[in-house]
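To keep things clear, I will list the structure first and then write my remarks on it.
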Amino acid sequence: MAYLLSACGISLGTAKKVDAPESLHDEHHPDKGNAANSSLHTNSTHAGDHEQHQQERTVEAIWSFDEGEQLQAGRNSLIRLAISDKDGKPVEKFDINHEKKLHLIVVSKDLSFFEHVHPEYMGKGVFQIEMQFPAGGDYKLFADFIPTGGAATTQSEWVSVGGSPVNHVPIVPEQAWSIVVDGKRITLETTPLVAGEEVALSYTIHDSQKEEPITDLQPYLGAVGHVVILDEEAERYLHVHPMDEKSSGPEAKFMTTFPDRGIYKVWAQFQHHDRVFTVPFVVKVP
Ligand SMILES: [Cu+2]
C-alpha cells in the first residue's frame with residue numbers, strides 16, 4: 001500500500017477490505033453512442049452474466065476516510081477508494097461509463113439522503129472526493145465502475161458518521177406515484193411489479209405550473225436519465241439506464257428486474273435547464 005501513503009500521506013486506519021457485493025447491473029442498456037459500453041451491456045447472455053460475477057470477485061476496493069479520523073457531519077470529509085486486483089496490484093485503467101470512470105452513490109441508512117457524485121481519478125487505482133454528510137448516523141457508499149477489460153462492478157461500504165442524527169424517516173410505499181420536484185411534476189407508471197420479472201418504469205415529466213409536457217430535457221451523463229434502485233436494507237443495488245437514451249422528454253422509460261419481493265427506493269435523475277433533479281419513489285414489489 002506504499003503507493004497510497006506516498007501519494008498523499010493518508011492514514012489507512014479506517015480502511016478495510018470489502019467483498020464484492022451483489023451487483024445487479026441492468027443489462028437493458030442500448031448505449032448505441034458508446035462503444036465501450038455497448039460491448040458490455042448489449043451482448044449479454046446468461047452465460048455472460050455468470051462470467052461477470054466470476055470477474056467481479058477479482059477486484060477489491062479499499063476505502064479510507066478523513067485521514068483515519070471519525071467522519072463528522074456538516075464538514076468536508078475526504079472519501080478515498082483504492083481499487084486493486086486479486087494480487088493487490090492497483091487497477092489502473094477504467095472504461096468511461098456514462099461520461100465518468102467511477103460513479104459514487106451515497107445513501108443514509110433510512111434512504112432519506114441520496115447523493116450521486118463523481119470522485120476524481122488520482123491515478124494508480126485511486127479515486128477521491130470531498131463531500132459533506134448532512135447528519136450523524138450510518139451511510140452506505142456504492143462505487144460503480146468498469147475496470148478496462150473487466151466487468152461492470154459495484155463495491156460498497158458502510159460508514160458511520162459522527163454528529164447529531166436526524167430522526168429516522170420510515171420508508172413507506174407511495175400511495176400516488178406523482179410528485180413535484182423543482183417545478184416539475186413527475187409521474188411514474190409501471191408494468192405489474194413482479195419479483196424476478198422484467199418491469200418497465202415509465203416516467204413522464206410536466207411543468208408543474210403550466211402543466212405542459214417538458215420536451216427539452218438535457219442529457220445527463222450521456223442519457224436522458226439515470227435510475228438507481230436499492231432495497232430497504234441497502235443490500236441490493238441496481239443502476240439502470242433508459243431504453244432510449246436520446247429521449248428529451250416528456251417520457252423516459254427504463255427496464256429493470258426487482259430480484260425479490262419487498263420494498264425498494266427508486267431514484268431517477270434528470271437534467272433540465274442545466275440543473276439536475278432527483279425524483280424519489282418508494283415501490284413495493286408484492
Ligand atoms: Cu454518476
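Identifiers for the C-alpha cells are assigned positionally: chains receive A, B, ... in sequence, residues are indexed from 1 per chain, and ligands are indexed from 1 in the order shown.
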Q: Identify, on the basis of only C-alpha atoms, every residue whose closest approach to Ser164 of chain A does not exceed 9 Å; exclude the query and any residue fewer than 6 positions from it along the same chain; express the result as a list of chain:residue names.
A: A:Ala73, A:Ala135, A:Gly136, A:Gly137
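Near ligand 1, the residues found within 9 Å are Asn97, His98, Glu99, Lys100, Lys101, Leu102, His103, Leu104, Ile105, His116, Val117, His118, Asp144, Leu221 and His226 of chain A (criterion computed using only C-alpha atoms and all ligand atoms).
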Just to be explicit: take each residue in the selection above, keep C-alpha atoms, and write the result as a compact mmCIF listing (two decimals), in the first residue's frame.
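So selection12.txt came out as:
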# COMPACT_ATOMS: atom_id res chain seq x y z
CA ASN A 97 -19.10 4.70 -18.42
CA HIS A 98 -21.68 7.42 -18.84
CA GLU A 99 -19.00 10.07 -19.08
CA LYS A 100 -17.22 9.05 -15.88
CA LYS A 101 -14.70 6.48 -14.73
CA LEU A 102 -16.45 5.98 -11.42
CA HIS A 103 -19.86 6.83 -10.05
CA LEU A 104 -20.34 7.08 -6.30
CA ILE A 105 -23.77 6.82 -4.72
CA HIS A 116 -24.61 10.80 -6.72
CA VAL A 117 -21.11 12.18 -7.19
CA HIS A 118 -18.00 11.56 -9.26
CA ASP A 144 -19.79 1.78 -9.71
CA LEU A 221 -24.14 11.87 -18.06
CA HIS A 226 -30.43 7.51 -14.69
Q | Selected residue, from A:Val106, A:Ile263, A:Val172, A:Val279, that lies nearest to Gly225 of chain A when counting only C-alpha atoms | A | A:Val279
Q. So which one's closest to Phe142 of chain A, A:Lys86, A:Arg75, A:His273, A:His239? Using only C-alpha atoms, please.
A.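 Comparing A:Lys86, A:Arg75, A:His273, A:His239 against Phe142 of chain A, the winner is A:His239.
All residues of protein, DNA or RNA that reach within 10 Å of Asp231 of chain A, judged by only C-alpha atoms and not counting those fewer than 3 positions away in the chain, are Leu111, Ala234, Glu235, Arg236, Tyr237, Leu238, Phe258, Pro259, Asp260, Arg261, Gly262, Ile263, Tyr264, Lys265, Val266, Val282, Val283 and Lys284 of chain A.
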Q. For Pro286 of chain A, which residue among A:Glu245, A:Ser112, A:Pro192, A:Lys140 is the nearest when counting only C-alpha atoms?
A.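 When distances to Pro286 of chain A are compared using only C-alpha atoms, the smallest one comes from A:Pro192.
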Run DSSP on the backbone and give me the residues of segment 155-256 of chain A it puts in strand (DSSP E), as a PDB file with N, CA and C atoms, in the first residue's frame.
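result.pdb, written as the output of this step:
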ATOM      1  N   GLN A 155     -18.821  -1.826  -5.757  1.00  0.00           N
ATOM      2  CA  GLN A 155     -18.218  -2.087  -4.458  1.00  0.00           C
ATOM      3  C   GLN A 155     -18.896  -1.173  -3.457  1.00  0.00           C
ATOM      4  N   SER A 156     -19.192  -1.705  -2.278  1.00  0.00           N
ATOM      5  CA  SER A 156     -19.920  -0.879  -1.322  1.00  0.00           C
ATOM      6  C   SER A 156     -19.296  -0.952   0.056  1.00  0.00           C
ATOM      7  N   GLU A 157     -19.655   0.018   0.866  1.00  0.00           N
ATOM      8  CA  GLU A 157     -19.095   0.106   2.218  1.00  0.00           C
ATOM      9  C   GLU A 157     -20.035   0.902   3.115  1.00  0.00           C
ATOM     10  N   TRP A 158     -20.251   0.410   4.338  1.00  0.00           N
ATOM     11  CA  TRP A 158     -20.991   1.188   5.333  1.00  0.00           C
ATOM     12  C   TRP A 158     -20.009   2.085   6.071  1.00  0.00           C
ATOM     13  N   VAL A 159     -20.428   3.316   6.354  1.00  0.00           N
ATOM     14  CA  VAL A 159     -19.600   4.189   7.187  1.00  0.00           C
ATOM     15  C   VAL A 159     -20.470   4.807   8.274  1.00  0.00           C
ATOM     16  N   SER A 160     -19.809   5.091   9.366  1.00  0.00           N
ATOM     17  CA  SER A 160     -20.500   5.695  10.489  1.00  0.00           C
ATOM     18  C   SER A 160     -20.027   7.148  10.597  1.00  0.00           C
ATOM     19  N   VAL A 161     -20.979   8.069  10.650  1.00  0.00           N
ATOM     20  CA  VAL A 161     -20.657   9.500  10.655  1.00  0.00           C
ATOM     21  C   VAL A 161     -21.068  10.081  12.008  1.00  0.00           C
ATOM     22  N   GLY A 162     -20.122  10.775  12.659  1.00  0.00           N
ATOM     23  CA  GLY A 162     -20.416  11.393  13.954  1.00  0.00           C
ATOM     24  C   GLY A 162     -21.246  12.652  13.788  1.00  0.00           C
ATOM     25  N   SER A 178     -46.833  10.284  -8.130  1.00  0.00           N
ATOM     26  CA  SER A 178     -46.721  11.563  -8.815  1.00  0.00           C
ATOM     27  C   SER A 178     -46.207  12.560  -7.792  1.00  0.00           C
ATOM     28  N   ILE A 179     -45.081  13.202  -8.091  1.00  0.00           N
ATOM     29  CA  ILE A 179     -44.574  14.198  -7.154  1.00  0.00           C
ATOM     30  C   ILE A 179     -44.055  15.409  -7.915  1.00  0.00           C
ATOM     31  N   VAL A 180     -43.957  16.514  -7.176  1.00  0.00           N
ATOM     32  CA  VAL A 180     -43.407  17.740  -7.762  1.00  0.00           C
ATOM     33  C   VAL A 180     -42.000  17.942  -7.212  1.00  0.00           C
ATOM     34  N   VAL A 181     -41.053  18.099  -8.115  1.00  0.00           N
ATOM     35  CA  VAL A 181     -39.665  18.367  -7.753  1.00  0.00           C
ATOM     36  C   VAL A 181     -39.188  19.516  -8.629  1.00  0.00           C
ATOM     37  N   LYS A 184     -41.314  20.736 -11.462  1.00  0.00           N
ATOM     38  CA  LYS A 184     -41.760  19.745 -12.438  1.00  0.00           C
ATOM     39  C   LYS A 184     -42.610  18.689 -11.742  1.00  0.00           C
ATOM     40  N   ARG A 185     -43.664  18.286 -12.430  1.00  0.00           N
ATOM     41  CA  ARG A 185     -44.447  17.166 -11.904  1.00  0.00           C
ATOM     42  C   ARG A 185     -43.997  15.902 -12.615  1.00  0.00           C
ATOM     43  N   ILE A 186     -43.600  14.919 -11.827  1.00  0.00           N
ATOM     44  CA  ILE A 186     -43.095  13.678 -12.399  1.00  0.00           C
ATOM     45  C   ILE A 186     -44.040  12.550 -11.987  1.00  0.00           C
ATOM     46  N   THR A 187     -44.482  11.807 -12.978  1.00  0.00           N
ATOM     47  CA  THR A 187     -45.398  10.705 -12.749  1.00  0.00           C
ATOM     48  C   THR A 187     -44.700   9.421 -13.159  1.00  0.00           C
ATOM     49  N   LEU A 188     -44.850   8.410 -12.323  1.00  0.00           N
ATOM     50  CA  LEU A 188     -44.251   7.110 -12.627  1.00  0.00           C
ATOM     51  C   LEU A 188     -45.348   6.087 -12.852  1.00  0.00           C
ATOM     52  N   GLU A 189     -45.239   5.409 -13.975  1.00  0.00           N
ATOM     53  CA  GLU A 189     -46.137   4.279 -14.245  1.00  0.00           C
ATOM     54  C   GLU A 189     -45.275   3.043 -14.445  1.00  0.00           C
ATOM     55  N   THR A 190     -45.782   1.916 -13.967  1.00  0.00           N
ATOM     56  CA  THR A 190     -45.014   0.686 -14.150  1.00  0.00           C
ATOM     57  C   THR A 190     -45.908  -0.407 -14.705  1.00  0.00           C
ATOM     58  N   GLU A 198     -39.171  -8.867 -15.600  1.00  0.00           N
ATOM     59  CA  GLU A 198     -38.876  -7.530 -16.112  1.00  0.00           C
ATOM     60  C   GLU A 198     -40.028  -6.582 -15.863  1.00  0.00           C
ATOM     61  N   VAL A 199     -39.668  -5.401 -15.436  1.00  0.00           N
ATOM     62  CA  VAL A 199     -40.663  -4.370 -15.155  1.00  0.00           C
ATOM     63  C   VAL A 199     -40.241  -3.113 -15.917  1.00  0.00           C
ATOM     64  N   ALA A 200     -41.230  -2.451 -16.518  1.00  0.00           N
ATOM     65  CA  ALA A 200     -40.938  -1.162 -17.165  1.00  0.00           C
ATOM     66  C   ALA A 200     -41.281  -0.046 -16.186  1.00  0.00           C
ATOM     67  N   LEU A 201     -40.379   0.893 -16.058  1.00  0.00           N
ATOM     68  CA  LEU A 201     -40.626   2.095 -15.257  1.00  0.00           C
ATOM     69  C   LEU A 201     -40.700   3.254 -16.240  1.00  0.00           C
ATOM     70  N   SER A 202     -41.884   3.855 -16.333  1.00  0.00           N
ATOM     71  CA  SER A 202     -42.049   4.958 -17.289  1.00  0.00           C
ATOM     72  C   SER A 202     -42.313   6.254 -16.544  1.00  0.00           C
ATOM     73  N   TYR A 203     -41.407   7.183 -16.716  1.00  0.00           N
ATOM     74  CA  TYR A 203     -41.548   8.497 -16.095  1.00  0.00           C
ATOM     75  C   TYR A 203     -42.091   9.473 -17.126  1.00  0.00           C
ATOM     76  N   THR A 204     -43.017  10.318 -16.695  1.00  0.00           N
ATOM     77  CA  THR A 204     -43.494  11.398 -17.555  1.00  0.00           C
ATOM     78  C   THR A 204     -43.318  12.706 -16.796  1.00  0.00           C
ATOM     79  N   ILE A 205     -42.784  13.692 -17.484  1.00  0.00           N
ATOM     80  CA  ILE A 205     -42.382  14.922 -16.806  1.00  0.00           C
ATOM     81  C   ILE A 205     -43.100  16.122 -17.422  1.00  0.00           C
ATOM     82  N   HIS A 206     -43.802  16.852 -16.549  1.00  0.00           N
ATOM     83  CA  HIS A 206     -44.527  18.046 -16.971  1.00  0.00           C
ATOM     84  C   HIS A 206     -44.048  19.252 -16.173  1.00  0.00           C
ATOM     85  N   ASP A 207     -44.200  20.420 -16.744  1.00  0.00           N
ATOM     86  CA  ASP A 207     -44.014  21.647 -15.983  1.00  0.00           C
ATOM     87  C   ASP A 207     -45.177  21.721 -14.977  1.00  0.00           C
ATOM     88  N   HIS A 226     -31.079   8.643 -15.347  1.00  0.00           N
ATOM     89  CA  HIS A 226     -30.434   7.507 -14.689  1.00  0.00           C
ATOM     90  C   HIS A 226     -31.315   7.099 -13.519  1.00  0.00           C
ATOM     91  N   VAL A 227     -31.401   5.803 -13.289  1.00  0.00           N
ATOM     92  CA  VAL A 227     -32.195   5.316 -12.171  1.00  0.00           C
ATOM     93  C   VAL A 227     -31.315   4.424 -11.290  1.00  0.00           C
ATOM     94  N   VAL A 228     -31.358   4.702 -10.012  1.00  0.00           N
ATOM     95  CA  VAL A 228     -30.671   3.866  -9.029  1.00  0.00           C
ATOM     96  C   VAL A 228     -31.735   3.274  -8.110  1.00  0.00           C
ATOM     97  N   ILE A 229     -31.634   1.983  -7.862  1.00  0.00           N
ATOM     98  CA  ILE A 229     -32.628   1.295  -7.039  1.00  0.00           C
ATOM     99  C   ILE A 229     -31.906   0.569  -5.904  1.00  0.00           C
ATOM    100  N   LEU A 230     -32.433   0.734  -4.705  1.00  0.00           N
ATOM    101  CA  LEU A 230     -31.918  -0.014  -3.552  1.00  0.00           C
ATOM    102  C   LEU A 230     -33.089  -0.640  -2.817  1.00  0.00           C
ATOM    103  N   ASP A 231     -32.862  -1.830  -2.290  1.00  0.00           N
ATOM    104  CA  ASP A 231     -33.878  -2.401  -1.413  1.00  0.00           C
ATOM    105  C   ASP A 231     -33.800  -1.700  -0.054  1.00  0.00           C
ATOM    106  N   TYR A 237     -28.369  -3.442  -5.079  1.00  0.00           N
ATOM    107  CA  TYR A 237     -28.127  -2.177  -5.779  1.00  0.00           C
ATOM    108  C   TYR A 237     -28.306  -2.389  -7.271  1.00  0.00           C
ATOM    109  N   LEU A 238     -29.124  -1.569  -7.881  1.00  0.00           N
ATOM    110  CA  LEU A 238     -29.290  -1.631  -9.332  1.00  0.00           C
ATOM    111  C   LEU A 238     -29.091  -0.239  -9.904  1.00  0.00           C
ATOM    112  N   HIS A 239     -28.372  -0.162 -11.000  1.00  0.00           N
ATOM    113  CA  HIS A 239     -28.191   1.109 -11.703  1.00  0.00           C
ATOM    114  C   HIS A 239     -28.719   0.883 -13.117  1.00  0.00           C
ATOM    115  N   VAL A 240     -29.753   1.601 -13.474  1.00  0.00           N
ATOM    116  CA  VAL A 240     -30.483   1.306 -14.698  1.00  0.00           C
ATOM    117  C   VAL A 240     -30.406   2.495 -15.648  1.00  0.00           C
ATOM    118  N   GLU A 251     -41.156  11.734 -21.833  1.00  0.00           N
ATOM    119  CA  GLU A 251     -41.094  10.387 -21.266  1.00  0.00           C
ATOM    120  C   GLU A 251     -39.671   9.869 -21.175  1.00  0.00           C
ATOM    121  N   ALA A 252     -39.424   9.093 -20.138  1.00  0.00           N
ATOM    122  CA  ALA A 252     -38.165   8.356 -20.034  1.00  0.00           C
ATOM    123  C   ALA A 252     -38.532   6.982 -19.493  1.00  0.00           C
ATOM    124  N   LYS A 253     -38.106   5.961 -20.230  1.00  0.00           N
ATOM    125  CA  LYS A 253     -38.524   4.606 -19.885  1.00  0.00           C
ATOM    126  C   LYS A 253     -37.316   3.730 -19.565  1.00  0.00           C
ATOM    127  N   PHE A 254     -37.450   2.985 -18.492  1.00  0.00           N
ATOM    128  CA  PHE A 254     -36.367   2.128 -18.008  1.00  0.00           C
ATOM    129  C   PHE A 254     -36.910   0.718 -17.814  1.00  0.00           C
ATOM    130  N   MET A 255     -36.086  -0.285 -18.071  1.00  0.00           N
ATOM    131  CA  MET A 255     -36.473  -1.671 -17.799  1.00  0.00           C
ATOM    132  C   MET A 255     -35.577  -2.203 -16.697  1.00  0.00           C
ATOM    133  N   THR A 256     -36.185  -2.880 -15.746  1.00  0.00           N
ATOM    134  CA  THR A 256     -35.364  -3.473 -14.685  1.00  0.00           C
ATOM    135  C   THR A 256     -36.034  -4.728 -14.157  1.00  0.00           C
TER     136      THR A 256
END
Q: Pick out the residues sitting within 10 Å of Gly88 of chain A, and hand them over as an NGL selection string; count only C-alpha atoms, and ignore anything fewer than 3 positions along from it in its own chain.
A: :A and (1 or 58-61 or 83-85 or 91)
Q. To one decimal place, how far is atom CA of Glu174 of chain A from atom CA of Thr278 of chain A in Å?
A.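 A separation of 16.1 Å between them.
Secondary structure from DSSP on the backbone puts helix (DSSP H, G or I) at the following positions of segment 52-249 of chain A: Gln52, His53, Gln54, Gln55, Glu56, Asp66, Glu67 and Gly68 of chain A.
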Q.
Restricting the calculation to only C-alpha atoms: of A:Ala152, A:Val194, A:Met122, A:Ile214, which residue gets closest to Phe270 of chain A?
A.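 Among A:Ala152, A:Val194, A:Met122, A:Ile214, it is A:Ile214 that comes nearest to Phe270 of chain A.
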